Amino acid sequence: MNKTFGGVWIFGDYRDYFQNRITLQLIAKGRELAETLNTGTTVVLLGDQIHQYAMEYVAHGADTVIVADHQNLKEYEVEKYTTLLAQWVKSYQPEIFLAGATSFGREFFPRLAKRLRTGLSADCVDLEVDPESFLLVQTTPAFGGELLAEVVTPDRRPQMATVHPGVFRELPHNAESVGHIIYPEVDVFPEPRVKIVRSKPQRTGKVSLEDASVVIAGGKGLGSKEQFELLYELAELLEGEVGATRPAVLSGWAGEDRLLGQTGKSVNAKLVISIGTSGALQYITGIQGAETVIAINRNPDAPVFRIVDLGLVADAATVLPILLETLRRRL
Amino acid sequence: MNIVVFVKQVPDVPNIRIDEQRMTIIREGVESIINPLDCVALQASLELREREGGCITVISMGPPQSEEALREALAAGADQAILLTDSAFAGADTLATSHVLAMAVSKLQPFPDLLLCGMQTIDSDTGHVGPQIAEELDLPQVCGVNEIHMDGHLLVLKRLSEGFLDTIRVPLPALLTVSKDLCPVKNLSLGAVEAAFSQKDIIRWAAHDLGLQPDEVGLKGSATHVRKLRPPADRTGGRIVTGSPQFIVDALIHKLESMSILDEEDGNE
């Protein structure tokens, strides 16, 4: 194994810290990868007065946090972040560099990879180190999620990937954890060309699929908007939230804020009941974080049945009214 | 304002099928289309040209049949179309693709004011190529734009990012990737497409026209390699139940009880 490139790096994305768990998920996965490579896990953290996040990352498993704490770095900004991180990569030479596939991750990581003339895979749903070649195998959906592609970066370093939020599990907070926190000297940056003049929160409604413990997910197999509406009642009875597949959203049965999957949200639920969904991989990506998946579909060969804990072969339109009636009687 | 729009010809992904033995895509019988978000970029360029004047150049890298996508763009109203085609370009990842596209842009006289592309494609869905072209040309970039206005020489943009609506100012020249909310795409009449097929010429550039060496492009110029394609992994141990609707409902209720999501029925109704 070539150890000259250093360890596993993770971009510290702390914006909206209590909702956005991607960095903690990546630290947990990074530790696994680092163990195979016999190296350490490092979070790189850029911002203004962000020391508390460095402590958090250590408590969640980071061996090292490299911090640039500077008033000039207060805003997430593509050009500054790219310049600083490219300098750090050149000095420390990490083997692997991961970021969440958040809006910002997907905007600045391609630029950083290009500046470093290295490879980048997008929105990965799995990562592992190949035990023979010690290469990072980056698994990413292809062709709308019908297939998974295993991508490697054989020669260039670091091996870079953005990762779909919600596919890995964070480690619990451990206040006893010990790690290094280092503060390299930071240059002053020129004013960025892109200026964010205003940033207004746009939370539409209160749909929080990521936090719901029960998610009722509906797809095109429900047949009509009227049938889809029944899911809200089911969700209410089970104290859950309603999610939707892309075809259901495209049919106008549910808003974009309920979209589950690769291009939508990922759940962390105890239970997902997936109704009238065939099970395209890009959708499965969004529900695979659930502890238990139950699916109702009239087609016994529907791909969704390959990932369920309980598969019910039935027509949703027939079953839903009986189910609702039974639950109403009991609750 | 001179605008470049990058377009990619892609298979109509919702209609593709998988050859499960060979783990490849069955392309036969699947229509090729312009990547839908690139159509949004093209539509936006037409509206900007109407307000600001200037010239629209569409550029596509791909096999010779990508010419169809450029013909469609000409029919929609683009002024000129450039096809970057060379067998050496095949197998390119986003690093190598963005290099070829950036080299083509640097060959344009005068250098364009605005570069537009879709924020992602439906076939590979990386969203990398736009930012990587911007990096190579040292241009500022904004991704996922859903509103474009001009204020003097500045672009004023809006985009959604992680639940925030950002208002952004950026000077020209700049590269923007666009979201589907930027503008609705107008359908072309078949007549217009046919007219475009007979009229304007398409400019073709190969690697040597762009001063590119074979090892900078295509598979050789790529940093990433696809090691294999595979189907999604299956969970195991799942129980599949068939039967009457009531039986199905009972099976579901039983499962909910075993997970303590429902209390067990204890006769206190």
# chains A, B, ... in the order shown; residues from 1 in each chain; ligands from 1
>>> select_by_dssp(residues="segment 5-178 of chain A", states="helix (DSSP H, G or I)", output="count of residues only")
59
>>> residues_around(residues="Leu83 of chain B", least_positions_apart="2", cutoff="9 Å", atoms="only C-alpha atoms", output="VMD selection string")
chain B and resid 58 to 64 66 to 67 70 81 85 202 to 206
>>> write_last_selection(atoms="N, CA and C atoms", output="short mmCIF file (atom, residue, chain, number, x, y, z; two decimals), in the first residue's frame")
data_model
loop_
_atom_site.label_atom_id
_atom_site.label_comp_id
_atom_site.auth_asym_id
_atom_site.auth_seq_id
_atom_site.Cartn_x
_atom_site.Cartn_y
_atom_site.Cartn_z
N VAL B 58 -24.21 26.72 -29.66
CA VAL B 58 -24.39 25.47 -28.90
C VAL B 58 -23.21 24.56 -29.17
N ILE B 59 -22.73 23.92 -28.12
CA ILE B 59 -21.57 23.03 -28.25
C ILE B 59 -21.94 21.68 -27.63
N SER B 60 -21.58 20.61 -28.35
CA SER B 60 -21.80 19.29 -27.80
C SER B 60 -20.59 18.42 -28.08
N MET B 61 -20.18 17.63 -27.09
CA MET B 61 -19.16 16.62 -27.33
C MET B 61 -19.85 15.27 -27.37
N GLY B 62 -19.55 14.48 -28.39
CA GLY B 62 -20.20 13.18 -28.46
C GLY B 62 -19.93 12.51 -29.78
N PRO B 63 -20.50 11.31 -29.96
CA PRO B 63 -20.34 10.59 -31.23
C PRO B 63 -21.05 11.36 -32.35
N PRO B 64 -20.74 10.99 -33.63
CA PRO B 64 -21.28 11.76 -34.76
C PRO B 64 -22.80 11.95 -34.70
N SER B 66 -24.59 12.77 -32.35
CA SER B 66 -24.97 13.91 -31.51
C SER B 66 -25.33 15.12 -32.36
N GLU B 67 -25.00 15.06 -33.64
CA GLU B 67 -25.40 16.11 -34.57
C GLU B 67 -26.90 16.37 -34.49
N LEU B 70 -27.72 18.90 -31.96
CA LEU B 70 -27.35 20.25 -32.39
C LEU B 70 -28.32 20.78 -33.45
N ALA B 81 -23.64 26.03 -34.29
CA ALA B 81 -23.52 24.77 -33.54
C ALA B 81 -22.17 24.15 -33.82
N THR B 85 -16.22 16.02 -31.96
CA THR B 85 -16.33 14.57 -32.14
C THR B 85 -15.02 14.00 -32.63
N ILE B 202 -23.03 22.52 -39.53
CA ILE B 202 -22.53 22.31 -38.18
C ILE B 202 -21.01 22.27 -38.24
N ILE B 203 -20.38 23.01 -37.35
CA ILE B 203 -18.92 23.03 -37.31
C ILE B 203 -18.46 21.78 -36.57
N ARG B 204 -17.47 21.10 -37.12
CA ARG B 204 -16.95 19.89 -36.46
C ARG B 204 -15.50 20.10 -36.08
N TRP B 205 -15.21 19.87 -34.80
CA TRP B 205 -13.81 19.95 -34.36
C TRP B 205 -13.40 18.62 -33.75
N ALA B 206 -12.23 18.13 -34.17
CA ALA B 206 -11.67 16.91 -33.57
C ALA B 206 -10.54 17.32 -32.62
#
>>> closest_residue(among="A:Gln227, A:Gln87, A:Ser121, A:Gln93", to="chain B", atoms="only C-alpha atoms")
A:Ser121
>>> interface_residues(of="chain B", to="chain A", cutoff="7 Å", atoms="only C-alpha atoms", output="compact mmCIF listing (two decimals) with all heavy atoms, in the first residue's frame")
# COMPACT_ATOMS: atom_id res chain seq x y z
N VAL B 13 -33.82 8.18 -20.57
CA VAL B 13 -33.57 7.24 -19.47
C VAL B 13 -34.81 6.52 -18.91
O VAL B 13 -34.76 5.32 -18.68
CB VAL B 13 -32.77 7.93 -18.35
CG1 VAL B 13 -32.77 7.10 -17.08
CG2 VAL B 13 -31.34 8.16 -18.81
N LEU B 95 -13.64 14.99 -15.83
CA LEU B 95 -12.38 15.75 -15.92
C LEU B 95 -11.96 15.93 -17.38
O LEU B 95 -11.64 17.03 -17.83
CB LEU B 95 -11.29 14.99 -15.13
CG LEU B 95 -9.98 15.72 -14.89
CD1 LEU B 95 -10.17 16.84 -13.87
CD2 LEU B 95 -8.91 14.74 -14.40
N ILE B 122 -29.49 13.42 -17.20
CA ILE B 122 -30.29 12.30 -16.71
C ILE B 122 -29.57 10.96 -16.82
O ILE B 122 -29.97 10.00 -16.20
CB ILE B 122 -31.68 12.20 -17.40
CG1 ILE B 122 -31.53 12.14 -18.91
CG2 ILE B 122 -32.59 13.34 -16.98
CD1 ILE B 122 -32.84 11.85 -19.63
N ASP B 123 -28.48 10.89 -17.62
CA ASP B 123 -27.83 9.58 -17.74
C ASP B 123 -26.75 9.37 -16.69
O ASP B 123 -26.67 8.33 -16.06
CB ASP B 123 -27.31 9.33 -19.16
CG ASP B 123 -26.31 10.37 -19.61
OD1 ASP B 123 -26.24 11.46 -19.00
OD2 ASP B 123 -25.59 10.10 -20.58
N SER B 124 -25.90 10.37 -16.45
CA SER B 124 -24.86 10.14 -15.45
C SER B 124 -25.04 11.00 -14.20
O SER B 124 -24.52 10.67 -13.15
CB SER B 124 -23.48 10.37 -16.05
OG SER B 124 -23.43 11.61 -16.70
N THR B 126 -23.97 13.65 -12.74
CA THR B 126 -22.91 14.10 -11.82
C THR B 126 -23.02 15.59 -11.51
O THR B 126 -22.70 16.00 -10.40
CB THR B 126 -21.50 13.86 -12.39
OG1 THR B 126 -21.31 14.69 -13.53
CG2 THR B 126 -21.30 12.41 -12.76
N HIS B 128 -20.94 17.65 -12.63
CA HIS B 128 -19.56 18.10 -12.48
C HIS B 128 -19.07 18.98 -13.62
O HIS B 128 -18.20 19.83 -13.42
CB HIS B 128 -18.61 16.91 -12.42
CG HIS B 128 -18.78 16.05 -11.20
ND1 HIS B 128 -18.18 14.83 -11.08
CD2 HIS B 128 -19.46 16.27 -10.06
CE1 HIS B 128 -18.50 14.31 -9.90
NE2 HIS B 128 -19.29 15.16 -9.28
N PRO B 131 -19.14 23.17 -13.41
CA PRO B 131 -18.11 23.75 -12.54
C PRO B 131 -16.69 23.47 -13.03
O PRO B 131 -15.80 24.31 -12.86
CB PRO B 131 -18.35 23.05 -11.19
CG PRO B 131 -19.78 22.64 -11.20
CD PRO B 131 -20.13 22.38 -12.65
N GLN B 132 -16.48 22.33 -13.66
CA GLN B 132 -15.11 22.00 -14.10
C GLN B 132 -14.70 22.80 -15.33
O GLN B 132 -13.52 23.13 -15.49
CB GLN B 132 -14.99 20.49 -14.30
CG GLN B 132 -15.18 19.77 -12.95
CD GLN B 132 -14.76 18.33 -12.92
OE1 GLN B 132 -14.87 17.61 -13.91
NE2 GLN B 132 -14.27 17.88 -11.77
N GLU B 135 -13.81 26.15 -13.84
CA GLU B 135 -12.48 26.11 -13.21
C GLU B 135 -11.38 26.23 -14.27
O GLU B 135 -10.46 27.02 -14.13
CB GLU B 135 -12.33 24.82 -12.41
CG GLU B 135 -10.93 24.52 -11.90
CD GLU B 135 -10.38 25.53 -10.90
OE1 GLU B 135 -11.19 26.26 -10.29
OE2 GLU B 135 -9.15 25.58 -10.74
N PRO B 140 -16.10 32.65 -12.76
CA PRO B 140 -16.97 32.39 -11.62
C PRO B 140 -18.13 31.49 -12.07
O PRO B 140 -18.50 31.50 -13.24
CB PRO B 140 -17.49 33.77 -11.23
CG PRO B 140 -17.32 34.62 -12.46
CD PRO B 140 -16.18 34.04 -13.24
N CYS B 143 -24.36 27.45 -9.49
CA CYS B 143 -25.08 26.22 -9.86
C CYS B 143 -26.55 26.27 -9.46
O CYS B 143 -26.89 26.82 -8.41
CB CYS B 143 -24.43 25.01 -9.21
SG CYS B 143 -22.80 24.67 -9.85
N SER B 161 -30.59 26.67 -2.37
CA SER B 161 -29.47 25.90 -1.88
C SER B 161 -29.77 25.47 -0.46
O SER B 161 -29.88 26.32 0.42
CB SER B 161 -28.20 26.75 -1.94
OG SER B 161 -27.13 26.07 -1.33
N GLU B 162 -29.94 24.17 -0.23
CA GLU B 162 -30.14 23.64 1.12
C GLU B 162 -31.25 24.38 1.85
O GLU B 162 -31.08 24.79 2.99
CB GLU B 162 -28.84 23.79 1.90
CG GLU B 162 -28.23 22.49 2.33
CD GLU B 162 -27.70 21.69 1.16
OE1 GLU B 162 -26.67 22.05 0.62
OE2 GLU B 162 -28.34 20.69 0.82
N GLY B 163 -32.37 24.60 1.18
CA GLY B 163 -33.50 25.24 1.85
C GLY B 163 -33.38 26.75 1.96
O GLY B 163 -34.21 27.38 2.60
N PHE B 164 -32.36 27.35 1.35
CA PHE B 164 -32.24 28.81 1.33
C PHE B 164 -32.38 29.31 -0.10
O PHE B 164 -31.88 28.69 -1.04
CB PHE B 164 -30.87 29.25 1.86
CG PHE B 164 -30.76 29.14 3.35
CD1 PHE B 164 -30.46 27.92 3.94
CD2 PHE B 164 -30.97 30.24 4.17
CE1 PHE B 164 -30.37 27.79 5.31
CE2 PHE B 164 -30.89 30.12 5.55
CZ PHE B 164 -30.59 28.90 6.12
N LEU B 165 -33.10 30.43 -0.25
CA LEU B 165 -33.17 31.07 -1.56
C LEU B 165 -32.09 32.15 -1.58
O LEU B 165 -32.20 33.16 -0.89
CB LEU B 165 -34.55 31.68 -1.80
CG LEU B 165 -34.71 32.36 -3.15
CD1 LEU B 165 -34.62 31.35 -4.29
CD2 LEU B 165 -36.04 33.10 -3.24
N ASP B 166 -31.03 31.92 -2.35
CA ASP B 166 -29.91 32.87 -2.43
C ASP B 166 -30.14 33.86 -3.56
O ASP B 166 -30.55 33.48 -4.65
CB ASP B 166 -28.59 32.14 -2.72
CG ASP B 166 -28.16 31.22 -1.59
OD1 ASP B 166 -28.59 31.46 -0.44
OD2 ASP B 166 -27.39 30.28 -1.86
N THR B 167 -29.87 35.15 -3.28
CA THR B 167 -29.79 36.14 -4.33
C THR B 167 -28.31 36.44 -4.54
O THR B 167 -27.59 36.72 -3.58
CB THR B 167 -30.52 37.43 -3.93
OG1 THR B 167 -31.86 37.07 -3.57
CG2 THR B 167 -30.55 38.43 -5.07
N ILE B 168 -27.86 36.35 -5.79
CA ILE B 168 -26.42 36.36 -6.07
C ILE B 168 -26.11 37.37 -7.17
O ILE B 168 -26.87 37.50 -8.13
CB ILE B 168 -25.98 34.95 -6.52
CG1 ILE B 168 -26.15 33.96 -5.37
CG2 ILE B 168 -24.54 34.95 -7.02
CD1 ILE B 168 -25.93 32.52 -5.74
N ARG B 169 -25.01 38.10 -6.99
CA ARG B 169 -24.53 39.00 -8.05
C ARG B 169 -23.19 38.48 -8.53
O ARG B 169 -22.32 38.15 -7.74
CB ARG B 169 -24.38 40.43 -7.51
CG ARG B 169 -25.70 41.03 -7.05
CD ARG B 169 -25.45 42.35 -6.34
NE ARG B 169 -25.19 43.42 -7.29
CZ ARG B 169 -26.16 44.19 -7.79
NH1 ARG B 169 -27.41 43.99 -7.44
NH2 ARG B 169 -25.87 45.15 -8.63
N VAL B 170 -23.06 38.44 -9.84
CA VAL B 170 -21.79 37.95 -10.39
C VAL B 170 -21.50 38.70 -11.70
O VAL B 170 -22.40 38.96 -12.48
CB VAL B 170 -21.84 36.41 -10.58
CG1 VAL B 170 -22.97 35.99 -11.48
CG2 VAL B 170 -20.53 35.85 -11.09
N PRO B 171 -20.22 39.09 -11.89
CA PRO B 171 -19.87 39.81 -13.13
C PRO B 171 -19.72 38.84 -14.29
O PRO B 171 -19.48 37.65 -14.10
CB PRO B 171 -18.52 40.44 -12.78
CG PRO B 171 -17.91 39.53 -11.77
CD PRO B 171 -19.06 38.94 -11.00
N ALA B 223 -9.49 10.49 -15.02
CA ALA B 223 -8.93 10.10 -13.73
C ALA B 223 -9.69 8.92 -13.14
O ALA B 223 -9.15 8.16 -12.36
CB ALA B 223 -8.95 11.28 -12.77
N THR B 224 -10.98 8.81 -13.48
CA THR B 224 -11.79 7.73 -12.91
C THR B 224 -12.06 6.67 -13.97
O THR B 224 -12.10 6.97 -15.17
CB THR B 224 -13.16 8.24 -12.42
OG1 THR B 224 -13.84 8.83 -13.52
CG2 THR B 224 -13.01 9.26 -11.32
N HIS B 225 -12.21 5.44 -13.50
CA HIS B 225 -12.60 4.35 -14.39
C HIS B 225 -13.79 3.64 -13.77
O HIS B 225 -13.84 3.44 -12.56
CB HIS B 225 -11.46 3.34 -14.55
CG HIS B 225 -10.33 3.87 -15.36
ND1 HIS B 225 -9.47 3.08 -16.05
CD2 HIS B 225 -9.93 5.14 -15.58
CE1 HIS B 225 -8.58 3.84 -16.68
NE2 HIS B 225 -8.83 5.10 -16.41
N VAL B 226 -14.74 3.25 -14.62
CA VAL B 226 -15.85 2.45 -14.12
C VAL B 226 -15.38 1.00 -14.12
O VAL B 226 -15.08 0.43 -15.16
CB VAL B 226 -17.11 2.61 -14.99
CG1 VAL B 226 -18.20 1.67 -14.52
CG2 VAL B 226 -17.59 4.05 -14.94
N ARG B 227 -15.25 0.41 -12.91
CA ARG B 227 -14.72 -0.93 -12.79
C ARG B 227 -15.78 -1.95 -13.19
O ARG B 227 -15.50 -2.93 -13.85
CB ARG B 227 -14.28 -1.16 -11.36
CG ARG B 227 -13.31 -2.28 -11.18
CD ARG B 227 -12.74 -2.28 -9.80
NE ARG B 227 -13.75 -2.62 -8.81
CZ ARG B 227 -13.46 -3.13 -7.61
NH1 ARG B 227 -12.20 -3.31 -7.27
NH2 ARG B 227 -14.41 -3.42 -6.77
N LYS B 228 -17.01 -1.73 -12.72
CA LYS B 228 -18.09 -2.58 -13.21
C LYS B 228 -19.45 -1.94 -12.94
O LYS B 228 -19.56 -1.03 -12.11
CB LYS B 228 -18.00 -3.98 -12.62
CG LYS B 228 -18.43 -4.12 -11.19
CD LYS B 228 -18.42 -5.62 -10.81
CE LYS B 228 -18.96 -5.81 -9.43
NZ LYS B 228 -18.58 -7.04 -8.79
N LEU B 229 -20.43 -2.46 -13.66
CA LEU B 229 -21.82 -2.06 -13.42
C LEU B 229 -22.49 -3.26 -12.78
O LEU B 229 -22.23 -4.40 -13.14
CB LEU B 229 -22.52 -1.74 -14.74
CG LEU B 229 -22.12 -0.42 -15.41
CD1 LEU B 229 -22.65 -0.38 -16.84
CD2 LEU B 229 -22.66 0.77 -14.63
N ARG B 230 -23.32 -2.99 -11.77
CA ARG B 230 -24.01 -4.12 -11.13
C ARG B 230 -25.41 -3.70 -10.71
O ARG B 230 -25.69 -2.50 -10.57
CB ARG B 230 -23.21 -4.64 -9.94
CG ARG B 230 -23.02 -3.62 -8.83
CD ARG B 230 -22.29 -4.28 -7.67
NE ARG B 230 -21.89 -3.35 -6.65
CZ ARG B 230 -22.65 -2.93 -5.64
NH1 ARG B 230 -23.90 -3.33 -5.54
NH2 ARG B 230 -22.18 -2.10 -4.73
N PRO B 231 -26.28 -4.71 -10.49
CA PRO B 231 -27.63 -4.37 -10.04
C PRO B 231 -27.58 -3.99 -8.57
O PRO B 231 -26.63 -4.35 -7.87
CB PRO B 231 -28.41 -5.66 -10.24
CG PRO B 231 -27.37 -6.74 -10.12
CD PRO B 231 -26.09 -6.16 -10.61
N PRO B 232 -28.58 -3.29 -8.08
CA PRO B 232 -28.62 -2.95 -6.66
C PRO B 232 -28.64 -4.20 -5.80
O PRO B 232 -29.24 -5.20 -6.16
CB PRO B 232 -29.92 -2.16 -6.52
CG PRO B 232 -30.67 -2.34 -7.78
CD PRO B 232 -29.72 -2.74 -8.82
N ASP B 234 -29.62 -6.75 -2.88
CA ASP B 234 -30.91 -7.09 -2.29
C ASP B 234 -30.78 -7.23 -0.78
O ASP B 234 -29.80 -7.73 -0.28
CB ASP B 234 -31.39 -8.43 -2.86
CG ASP B 234 -31.60 -8.35 -4.36
OD1 ASP B 234 -31.59 -7.23 -4.89
OD2 ASP B 234 -31.74 -9.41 -4.98
N ARG B 235 -31.82 -6.82 -0.07
CA ARG B 235 -31.93 -7.19 1.34
C ARG B 235 -32.36 -8.65 1.36
O ARG B 235 -33.02 -9.13 0.45
CB ARG B 235 -33.02 -6.37 2.03
CG ARG B 235 -32.60 -5.00 2.43
CD ARG B 235 -33.61 -4.46 3.43
NE ARG B 235 -33.42 -3.03 3.59
CZ ARG B 235 -33.97 -2.32 4.56
NH1 ARG B 235 -34.77 -2.88 5.43
NH2 ARG B 235 -33.75 -1.03 4.64
N GLY B 237 -34.08 -12.08 3.64
CA GLY B 237 -34.93 -12.41 4.77
C GLY B 237 -36.32 -11.81 4.69
O GLY B 237 -37.12 -11.97 5.59
N GLY B 238 -36.63 -11.12 3.61
CA GLY B 238 -37.95 -10.52 3.47
C GLY B 238 -39.00 -11.59 3.23
O GLY B 238 -38.76 -12.58 2.55
N ARG B 239 -40.18 -11.39 3.81
CA ARG B 239 -41.25 -12.35 3.64
C ARG B 239 -42.25 -11.76 2.65
O ARG B 239 -42.63 -10.59 2.78
CB ARG B 239 -41.93 -12.59 4.98
CG ARG B 239 -42.80 -13.83 5.06
CD ARG B 239 -43.04 -14.18 6.52
NE ARG B 239 -43.85 -13.16 7.18
CZ ARG B 239 -45.19 -13.23 7.26
NH1 ARG B 239 -45.83 -14.23 6.72
NH2 ARG B 239 -45.87 -12.29 7.89
N ILE B 240 -42.64 -12.53 1.66
CA ILE B 240 -43.60 -12.06 0.66
C ILE B 240 -44.93 -12.75 0.93
O ILE B 240 -44.99 -13.97 1.04
CB ILE B 240 -43.12 -12.36 -0.77
CG1 ILE B 240 -41.71 -11.78 -1.01
CG2 ILE B 240 -44.10 -11.82 -1.80
CD1 ILE B 240 -41.60 -10.29 -0.93
N VAL B 241 -45.98 -11.96 1.06
CA VAL B 241 -47.29 -12.49 1.43
C VAL B 241 -48.29 -12.20 0.31
O VAL B 241 -48.36 -11.09 -0.20
CB VAL B 241 -47.78 -11.83 2.74
CG1 VAL B 241 -49.19 -12.28 3.06
CG2 VAL B 241 -46.84 -12.16 3.88
N THR B 242 -49.03 -13.24 -0.07
CA THR B 242 -50.15 -13.02 -0.99
C THR B 242 -51.42 -13.52 -0.31
O THR B 242 -51.35 -14.28 0.66
CB THR B 242 -49.96 -13.82 -2.30
OG1 THR B 242 -49.75 -15.18 -1.96
CG2 THR B 242 -48.76 -13.32 -3.08
N PRO B 245 -57.54 -9.49 0.41
CA PRO B 245 -57.23 -8.17 0.98
C PRO B 245 -57.24 -8.17 2.50
O PRO B 245 -56.36 -7.58 3.13
CB PRO B 245 -58.35 -7.28 0.41
CG PRO B 245 -58.72 -7.94 -0.88
CD PRO B 245 -58.55 -9.42 -0.65
N ILE B 248 -54.11 -9.72 3.80
CA ILE B 248 -52.98 -8.80 3.61
C ILE B 248 -52.97 -7.75 4.72
O ILE B 248 -51.92 -7.47 5.33
CB ILE B 248 -53.11 -8.10 2.23
CG1 ILE B 248 -52.99 -9.11 1.08
CG2 ILE B 248 -52.12 -6.95 2.09
CD1 ILE B 248 -51.60 -9.60 0.79
N VAL B 249 -54.15 -7.20 5.00
CA VAL B 249 -54.24 -6.17 6.04
C VAL B 249 -53.86 -6.76 7.40
O VAL B 249 -53.10 -6.14 8.17
CB VAL B 249 -55.66 -5.55 6.09
CG1 VAL B 249 -55.85 -4.70 7.34
CG2 VAL B 249 -55.90 -4.72 4.83
N GLU B 269 -61.85 -2.43 23.01
CA GLU B 269 -62.51 -1.52 22.08
C GLU B 269 -63.87 -1.06 22.60
O GLU B 269 -64.57 -1.84 23.19
CB GLU B 269 -62.78 -2.21 20.74
CG GLU B 269 -61.53 -2.80 20.14
CD GLU B 269 -61.86 -3.58 18.87
OE1 GLU B 269 -62.74 -3.15 18.12
OE2 GLU B 269 -61.26 -4.61 18.66
>>> decode(residues="segment 111-116 of chain B", atoms="all heavy atoms", output="PDB file, in the first residue's frame")
ATOM      1  N   PHE B 111     -14.426  35.855 -27.012  1.00  0.00           N
ATOM      2  CA  PHE B 111     -14.731  34.965 -25.895  1.00  0.00           C
ATOM      3  C   PHE B 111     -16.159  35.256 -25.423  1.00  0.00           C
ATOM      4  O   PHE B 111     -16.554  36.410 -25.292  1.00  0.00           O
ATOM      5  CB  PHE B 111     -13.734  35.196 -24.750  1.00  0.00           C
ATOM      6  CG  PHE B 111     -13.811  34.133 -23.688  1.00  0.00           C
ATOM      7  CD1 PHE B 111     -13.106  32.942 -23.818  1.00  0.00           C
ATOM      8  CD2 PHE B 111     -14.601  34.318 -22.551  1.00  0.00           C
ATOM      9  CE1 PHE B 111     -13.182  31.953 -22.845  1.00  0.00           C
ATOM     10  CE2 PHE B 111     -14.683  33.327 -21.574  1.00  0.00           C
ATOM     11  CZ  PHE B 111     -13.967  32.142 -21.728  1.00  0.00           C
ATOM     12  N   PRO B 112     -16.980  34.218 -25.175  1.00  0.00           N
ATOM     13  CA  PRO B 112     -18.383  34.465 -24.808  1.00  0.00           C
ATOM     14  C   PRO B 112     -18.525  35.166 -23.456  1.00  0.00           C
ATOM     15  O   PRO B 112     -17.640  35.104 -22.616  1.00  0.00           O
ATOM     16  CB  PRO B 112     -18.970  33.054 -24.741  1.00  0.00           C
ATOM     17  CG  PRO B 112     -17.810  32.146 -24.557  1.00  0.00           C
ATOM     18  CD  PRO B 112     -16.651  32.791 -25.238  1.00  0.00           C
ATOM     19  N   ASP B 113     -19.694  35.833 -23.287  1.00  0.00           N
ATOM     20  CA  ASP B 113     -19.972  36.532 -22.023  1.00  0.00           C
ATOM     21  C   ASP B 113     -20.570  35.581 -20.997  1.00  0.00           C
ATOM     22  O   ASP B 113     -20.372  35.735 -19.805  1.00  0.00           O
ATOM     23  CB  ASP B 113     -20.979  37.659 -22.281  1.00  0.00           C
ATOM     24  CG  ASP B 113     -20.453  38.622 -23.325  1.00  0.00           C
ATOM     25  OD1 ASP B 113     -19.423  39.251 -23.049  1.00  0.00           O
ATOM     26  OD2 ASP B 113     -21.054  38.702 -24.421  1.00  0.00           O
ATOM     27  N   LEU B 114     -21.367  34.624 -21.503  1.00  0.00           N
ATOM     28  CA  LEU B 114     -22.120  33.772 -20.582  1.00  0.00           C
ATOM     29  C   LEU B 114     -22.082  32.333 -21.080  1.00  0.00           C
ATOM     30  O   LEU B 114     -22.282  32.080 -22.268  1.00  0.00           O
ATOM     31  CB  LEU B 114     -23.571  34.268 -20.522  1.00  0.00           C
ATOM     32  CG  LEU B 114     -24.506  33.552 -19.545  1.00  0.00           C
ATOM     33  CD1 LEU B 114     -24.014  33.705 -18.118  1.00  0.00           C
ATOM     34  CD2 LEU B 114     -25.926  34.112 -19.670  1.00  0.00           C
ATOM     35  N   LEU B 115     -21.811  31.410 -20.177  1.00  0.00           N
ATOM     36  CA  LEU B 115     -21.817  29.982 -20.500  1.00  0.00           C
ATOM     37  C   LEU B 115     -22.921  29.315 -19.680  1.00  0.00           C
ATOM     38  O   LEU B 115     -23.001  29.520 -18.469  1.00  0.00           O
ATOM     39  CB  LEU B 115     -20.466  29.338 -20.149  1.00  0.00           C
ATOM     40  CG  LEU B 115     -19.284  29.653 -21.075  1.00  0.00           C
ATOM     41  CD1 LEU B 115     -18.854  31.092 -20.953  1.00  0.00           C
ATOM     42  CD2 LEU B 115     -18.110  28.732 -20.779  1.00  0.00           C
ATOM     43  N   LEU B 116     -23.766  28.542 -20.363  1.00  0.00           N
ATOM     44  CA  LEU B 116     -24.909  27.911 -19.680  1.00  0.00           C
ATOM     45  C   LEU B 116     -24.912  26.409 -19.916  1.00  0.00           C
ATOM     46  O   LEU B 116     -24.601  25.946 -21.013  1.00  0.00           O
ATOM     47  CB  LEU B 116     -26.232  28.456 -20.227  1.00  0.00           C
ATOM     48  CG  LEU B 116     -26.573  29.930 -20.032  1.00  0.00           C
ATOM     49  CD1 LEU B 116     -27.908  30.233 -20.735  1.00  0.00           C
ATOM     50  CD2 LEU B 116     -26.674  30.271 -18.558  1.00  0.00           C
TER      51      LEU B 116
END
